[in-house]
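Colleague: This is the structure I want to talk about, given as structure tokens.
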Amino acid sequence: MKKCKIMQRVRIGLGAFFMCAVMLSGCASETKQETDSMAGGGASAAPAVVEGVVTANDTAMRRLTLRELGGDLETVISYDATAKMTDKYGEERDGTDIEVGEILEADYEQDSGKLLSTSIPEDIWEYQEVGDYQFDSAESSLSFADRKYQYSQYTLFSSDGKAIDMMEINPQDVLTVRGSGYHVYSVVKTQGHGYIRLAHYKDFIGGMIEVGSDMILPLTKNMLITIREGTYKVILSKNHSTAVKNVTVHSGREVTLDFSEYKPADSHVGVITFDIAPAGADLTINGTAVGYSKPIALAYGVYQIQVSMTGYTTYTGTLDVEEPKGTTVRIDLVEEEAEASDTTAAPSATGKSTKTSSESTDDTQTKQIDSDHTITVSAPQGAEVYLDNVYKGLAPCTFTKVIGSQTVTLCRDGYATKSYSVDILDDDQDVMLSFADLTAKEAAATASPATQ
């Protein structure tokens, strides 16, 4: 009996030993699985890549926002000194140097949103200092450097690091354009435009105004001139009298030039009759479309004239007015199919021959007048309305329809002057335009000292 009890204790001890061994083995197995699991979870995920246009760079928070090319998906990425960032020349730079409108390829940690590196994609092109360009809103195209490119609703238009509407870009502005192939993804206004208002110059009305070397316009009432920011010499001329002042124009600001101390000499005006064939051709004088069914009175001086009609070679020449007696100027357009003569010329008002060209000058654009239809600017109410620097009235106002690319300028006392570029189509329809309210301005600009 005693021996049986001893054997039973041995069996119980062996059973307990085997149970402990199994439990220890299980614990070891569980510990290994947990370690393996932790090791696998600690592996870093593959970095994500995005190619897009920079729509914002918060330098205080050190955070970039990129919008995918041709779409509206935006990615926000944070950056620090550990990120490797290079410019278009492959030189390293800091994230605070990245500008809105740049196109980047960015590698970043998808989980943390931390930037690893940026570079400029090889297929991205960039044009700087673009000052001669044309937008066509009907076909969503931007033409410059003898090429036509396409923009879309996702193209970023910006100025001073902020997004703007395409209509806020004026032909006087200078742009940086970026894209790929024939697609434009970013348009940045690098140099803007301001405004010159003329005061106390009524004795010069009917004469001409020159602003710098590229702009010459007829002097009309209530003139407000849209011009690229910079410093200019402004010359008013009528007959043989001139008034000269220097002025500095700042982007988005209006400056007033007072000519009250100048008085022109007695009027010297020539009367010009235009005899143009074929009938119905368009005539512009210094870039302004004019009717010529009746004789035209022009102050003495030299004028740029252009005559155009579909199917005919455009005529461009000069007209020198220096006599009061009536003079007839005959211009015969040449059909495009015919061979144009190098010596074809129209007589000037003094009987001199004029230089001809089939191409328009840079500062002269043909615009067609549609006298059967109108343009109405309904808002902002009470604002002065100017069409290509010519006063049209207070909004709401209606005036004769002029076809082509136009600049509508709006101004009001106490508010910042604003310009919009619009395309007026030849569609036999009246045009209704309405713009956003003007914003209050902080301080008025002042003109620089006058010189003679």
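Chain identifiers are assigned as A, B, and so on, following the order in which chains appear in the structure tokens; residues are numbered from 1 within each chain, and ligands are numbered from 1 in order of appearance.
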Could you give me, as CSV, every range 400-424 of chain A residue with an atom at most 10 Å from range 180-202 of chain A, plus its closest atom pair and distance in Å to one decimal, counting only C-alpha atoms, rows ordered by chain then number?
Modeller:
residue,atom,partner,partner_atom,distance
A:Thr409,CA,A:Tyr195,CA,9.3
A:Thr417,CA,A:Tyr195,CA,7.9
A:Lys418,CA,A:Gly194,CA,9.0
A:Ser419,CA,A:His193,CA,9.0
Colleague: Output N, CA, C and O atoms of each residue in that selection to a file, as a PDB file, in the first residue's frame.
Modeller:
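Wrote part09.pdb, looks like this:
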ATOM      1  N   THR A 409     -11.759  98.925 -67.178  1.00  0.00           N
ATOM      2  CA  THR A 409     -11.205  99.451 -65.936  1.00  0.00           C
ATOM      3  C   THR A 409     -12.317 100.113 -65.130  1.00  0.00           C
ATOM      4  O   THR A 409     -13.126 100.865 -65.676  1.00  0.00           O
ATOM      5  N   THR A 417      -8.671 100.951 -57.760  1.00  0.00           N
ATOM      6  CA  THR A 417      -9.009 100.769 -59.166  1.00  0.00           C
ATOM      7  C   THR A 417      -8.711  99.338 -59.590  1.00  0.00           C
ATOM      8  O   THR A 417      -7.738  98.737 -59.166  1.00  0.00           O
ATOM      9  N   LYS A 418      -9.565  98.792 -60.451  1.00  0.00           N
ATOM     10  CA  LYS A 418      -9.435  97.388 -60.858  1.00  0.00           C
ATOM     11  C   LYS A 418      -9.641  97.260 -62.360  1.00  0.00           C
ATOM     12  O   LYS A 418     -10.485  97.955 -62.937  1.00  0.00           O
ATOM     13  N   SER A 419      -8.843  96.386 -62.999  1.00  0.00           N
ATOM     14  CA  SER A 419      -8.969  96.135 -64.432  1.00  0.00           C
ATOM     15  C   SER A 419      -9.273  94.672 -64.699  1.00  0.00           C
ATOM     16  O   SER A 419      -8.820  93.789 -63.964  1.00  0.00           O
TER      17      SER A 419
END
Colleague: Where does DSSP see helix (DSSP H, G or I) in range 88-218 of chain A, if you list the residues as a VMD selection string?
Modeller: chain A and resid 95 to 97 166 to 168 202 to 204
Colleague: Only N, CA and C atoms, please: the residues just picked out, written as a CSV table (one decimal), in the first residue's frame.
Modeller:
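Output (selection-v5.csv):
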chain,number,residue,atom,x,y,z
A,95,GLY,N,13.1,75.1,-48.3
A,95,GLY,CA,11.7,75.1,-48.6
A,95,GLY,C,11.1,76.4,-48.7
A,96,THR,N,11.6,77.4,-47.9
A,96,THR,CA,11.0,78.7,-47.9
A,96,THR,C,11.2,79.4,-49.2
A,97,ASP,N,12.1,78.9,-50.0
A,97,ASP,CA,12.4,79.6,-51.3
A,97,ASP,C,11.5,79.1,-52.4
A,166,MET,N,-8.3,84.6,-64.0
A,166,MET,CA,-7.6,84.9,-65.3
A,166,MET,C,-8.0,86.3,-65.8
A,167,MET,N,-9.2,86.7,-65.6
A,167,MET,CA,-9.6,88.1,-66.1
A,167,MET,C,-8.8,89.2,-65.5
A,168,GLU,N,-8.2,88.9,-64.3
A,168,GLU,CA,-7.4,90.0,-63.6
A,168,GLU,C,-6.0,90.2,-64.3
A,202,LYS,N,-7.8,119.9,-70.3
A,202,LYS,CA,-8.8,120.1,-71.3
A,202,LYS,C,-8.3,120.9,-72.6
A,203,ASP,N,-7.3,121.7,-72.4
A,203,ASP,CA,-6.8,122.5,-73.6
A,203,ASP,C,-6.1,121.6,-74.5
A,204,PHE,N,-5.7,120.4,-74.1
A,204,PHE,CA,-5.0,119.4,-74.9
A,204,PHE,C,-5.9,118.4,-75.5
Colleague: Nearest to Gln406 in chain A among A:Pro171, A:Gly280, A:Pro380, A:Gly317, with distances taken over only C-alpha atoms: which residue is it?
Modeller: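 Of A:Pro171, A:Gly280, A:Pro380, A:Gly317, the one nearest Gln406 in chain A, counting only C-alpha atoms, is A:Pro171.
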Colleague: Taking the DSSP assignment computed from this structure's backbone, write out as a ChimeraX atom specification all residues of range 104-301 of chain A that belong to strand (DSSP E).
Modeller: /A:104-108,115-119,125-130,133-136,141-144,147-150,156-159,162-163,174-180,183-191,193-199,208-211,215-218,224-228,230-238,241-249,254-258,269-277,282-285,288-290,296-299,301
Colleague: Counting only C-alpha atoms, what is within 6 Å of range 102-108 of chain A, bar same-chain residues fewer than 6 positions away, as a PyMOL selection string?
Modeller: chain A and resi 47-54+114-120
